[in-house]
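Engineer: I have a structure I would like to understand better, so I am pasting it below and will then ask my questions one at a time.
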Amino acid sequence: MNSTPNAPMADDGDTLVIAGKSYRSRLLTGTGKFKDLEETRAATVAAGAEIVTVAIRRTNIGQDAGEPNLLDVLPPDRYTILPNTAGCYTAEEAVRTCRLARELLDGHALTKLEVLGDEKTLFPDVVQTLKAAETLVADGFQVMVYTSDDPILARRLEEIGCVAVMPLAAPIGSGLGIQNRYNLLEIVENAKVPIIVDAGVGTASDAAIAMELGCDGVLMNTAIAGARDPVLMARAMKRAVEAGRDAFRAGRIPRKRYASASSPVDGLVG
């Protein structure tokens, strides 16, 4: 285990691979909702994140020369910038946003696709998501896709060519935690691409549960940025993801209805 509090996970050979690139950290973080860019930077460092999402329609990464630029505090030579299509409600909007991001980031192909269907719940519009994913993959994008917890849809998005599937755990920003663990298990057990829980995490135990289920990573923003102390919560989330991953790899004991002695009783004298 890496002893430096703000460093990414130690590289013990268990890395997250997305679009052919390896990452030590399995915690992906958003960059919205923080009070300023300095808090964004500090929380990102505390989380040990190596991939950070950027809402292209809401965040300046060079579109406006007169405004503070996120890339000044989270430089692309240190972080993988993951532009996302937050706020898009049609496939056409999402595709245009991805193409703008590719221009702004000098041909950067990795993108996070989300096409929303409802302003209240922010659930994905799965029909528009499928349409946009097909277009973007055909256009050479490496698509990480936000979707519902439908195992059939997850499989279809993988078949289209998405490099990671990102099912929600609960509605975006709700903090409700893992509401759909059996659907997530079904998705994880049948996937050949990384499965990253996206949306709904509220606290560290939620992140640990997602990892214990076998998910490859967790993406979060509100759970960190909305905490009373975002930097401290980012550190907690980092540790939770690490612990959950270690527990998954170690293999939990079976659940039993009755007690089982911790020490063997066979051969006891008397």
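As shown in the structure tokens, the chain order sets the letters A, B, ...; within each chain, residues go from 1, and ligands are also counted from 1 in the order they appear.
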Do you know which residues are at most 7 Å from range 40-57 of chain A counting only C-alpha atoms, after dropping those on the same chain fewer than 4 positions away, and could you put them as JSON, numbers by chain?

Structural biologist: {"A": [6, 7, 8, 23, 25, 27, 28, 29, 30, 31, 34, 36, 73, 74, 79, 80, 81, 82, 83, 84, 85, 86, 97, 101, 230, 231, 234, 235, 237, 238]}

Engineer: Pick the closest to Ala133 in chain A from A:Ala210, A:Ala170, A:Ala91, A:Leu100: which is it, counting only C-alpha atoms?

Structural biologist: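 Among A:Ala210, A:Ala170, A:Ala91, A:Leu100, it is A:Ala91 that comes nearest to Ala133 in chain A.
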
Engineer: Find the residues near Asp216 in chain A: any atom within 12 Å, counting only C-alpha atoms, skip ones fewer than 3 places away on the same chain, and give them as a PyMOL selection string.

Structural biologist: chain A and resi 14-18+23-28+164-167+184-185+187-189+191-198+207-213+219+241-242+244-246+248-249

Engineer: Mind checking which residues fall within 10 Å of Asp72 in chain A, counting only C-alpha atoms, ignoring those fewer than 6 positions away in the same chain, and posting them as a list in words?

Structural biologist: Leu37, Arg41, Ile61 and Gly62 of chain A

Engineer: Excluding Lys112 in chain A and its own-chain neighbours fewer than 5 positions away, which residues fall within 6 Å of it when counting only C-alpha atoms? Please give them as a PyMOL selection string.

Structural biologist: chain A and resi 84+143-145

Engineer: To one decimal place, how far is CA of Leu104 in chain A from CA of Gln63 in chain A in Å?

Structural biologist: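 Interatomic distance here is 7.5 Å.
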
Engineer: What lies within 8 Å of Ser148 in chain A using only C-alpha atoms, ignoring chain neighbours under 2 positions off, as a list in words?

Structural biologist: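 My list of contacting residues is Phe123, Pro124, Val126, Tyr146, Asp150, Leu153, Pro167 and Leu168 of chain A.
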
Engineer: Enumerate, as an MDAnalysis selection string, the complete set of residues in range 50-243 of chain A that a backbone-based DSSP assignment places in alpha helix (DSSP H).

Structural biologist: chainID A and resid 91:104 126:138 151:160 181:190 204:212 222:225 230:243

Engineer: In range 166-263 of chain A, what's strand (DSSP E) per DSSP? Answer as a CSV table (one decimal) with all heavy atoms, in the first residue's frame?

Structural biologist:
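Wrote out25.csv, looks like this:
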```csv
chain,number,residue,atom,x,y,z
A,166,MET,N,-20.8,2.4,-18.0
A,166,MET,CA,-20.9,3.1,-16.7
A,166,MET,C,-22.3,3.1,-16.2
A,166,MET,O,-23.0,4.1,-16.3
A,166,MET,CB,-20.3,4.5,-16.8
A,166,MET,CG,-18.9,4.5,-17.5
A,166,MET,SD,-18.2,6.1,-17.8
A,166,MET,CE,-17.8,6.6,-16.1
A,167,PRO,N,-22.8,2.0,-15.6
A,167,PRO,CA,-24.2,2.0,-15.1
A,167,PRO,C,-24.4,2.8,-13.8
A,167,PRO,O,-23.4,2.9,-13.0
A,167,PRO,CB,-24.4,0.5,-14.8
A,167,PRO,CG,-23.1,0.0,-14.5
A,167,PRO,CD,-22.1,0.7,-15.4
A,196,ILE,N,-17.8,0.6,-14.7
A,196,ILE,CA,-17.5,1.7,-13.7
A,196,ILE,C,-18.8,2.3,-13.2
A,196,ILE,O,-19.6,2.8,-14.0
A,196,ILE,CB,-16.6,2.8,-14.3
A,196,ILE,CG1,-15.3,2.2,-14.8
A,196,ILE,CG2,-16.4,3.9,-13.4
A,196,ILE,CD1,-14.4,3.1,-15.6
A,197,VAL,N,-19.1,2.2,-11.9
A,197,VAL,CA,-20.3,2.7,-11.4
A,197,VAL,C,-20.3,4.2,-11.5
A,197,VAL,O,-19.3,4.9,-11.1
A,197,VAL,CB,-20.5,2.3,-9.9
A,197,VAL,CG1,-21.4,3.2,-9.2
A,197,VAL,CG2,-20.9,0.9,-9.8
A,198,ASP,N,-21.3,4.8,-12.0
A,198,ASP,CA,-21.4,6.2,-12.3
A,198,ASP,C,-22.7,6.8,-11.8
A,198,ASP,O,-23.8,6.4,-12.3
A,198,ASP,CB,-21.2,6.5,-13.8
A,198,ASP,CG,-21.3,8.0,-14.1
A,198,ASP,OD1,-21.2,8.8,-13.2
A,198,ASP,OD2,-21.4,8.3,-15.3
A,217,GLY,N,-14.3,0.2,-11.3
A,217,GLY,CA,-14.0,1.5,-10.8
A,217,GLY,C,-15.3,2.2,-10.4
A,217,GLY,O,-16.4,1.7,-10.6
A,218,VAL,N,-15.1,3.4,-9.8
A,218,VAL,CA,-16.2,4.3,-9.4
A,218,VAL,C,-15.9,5.7,-9.9
A,218,VAL,O,-14.8,6.2,-9.7
A,218,VAL,CB,-16.5,4.3,-7.9
A,218,VAL,CG1,-17.6,5.1,-7.5
A,218,VAL,CG2,-16.7,2.8,-7.4
A,219,LEU,N,-16.9,6.3,-10.5
A,219,LEU,CA,-16.8,7.7,-10.8
A,219,LEU,C,-17.8,8.5,-10.0
A,219,LEU,O,-19.0,8.1,-9.8
A,219,LEU,CB,-17.2,8.0,-12.3
A,219,LEU,CG,-16.9,9.4,-12.8
A,219,LEU,CD1,-16.6,9.4,-14.3
A,219,LEU,CD2,-18.1,10.3,-12.6
A,220,MET,N,-17.3,9.6,-9.4
A,220,MET,CA,-18.2,10.4,-8.5
A,220,MET,C,-17.8,11.9,-8.6
A,220,MET,O,-16.6,12.2,-8.9
A,220,MET,CB,-18.1,9.9,-7.1
A,220,MET,CG,-16.8,10.1,-6.4
A,220,MET,SD,-16.7,9.4,-4.8
A,220,MET,CE,-16.7,7.7,-5.1
```

Engineer: Within 12 Å of range 139-142 of chain A, which residues of range 3-77 of chain A come that close, and what is the closest atom pair and distance in Å for each? Count only C-alpha atoms and give it as a tab-separated table.

Structural biologist:
```
residue	atom	partner	partner_atom	distance
A:Ile18	CA	A:Gln142	CA	9.1
A:Ala19	CA	A:Gln142	CA	6.8
A:Gly20	CA	A:Gln142	CA	10.3
A:Lys21	CA	A:Gln142	CA	11.6
```

Engineer: To one decimal in Å, tell me the separation between CA of Arg255 in chain A and CA of Ala204 in chain A.

Structural biologist: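 Distance between the two atoms: 22.8 Å.
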
Engineer: For Gly173 in chain A, which residue out of A:Asn69, A:Ala225, A:Ile152, A:Asp125 is the nearest one, using only C-alpha atoms?

Structural biologist: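 So, comparing all the options, the nearest one is A:Ala225.
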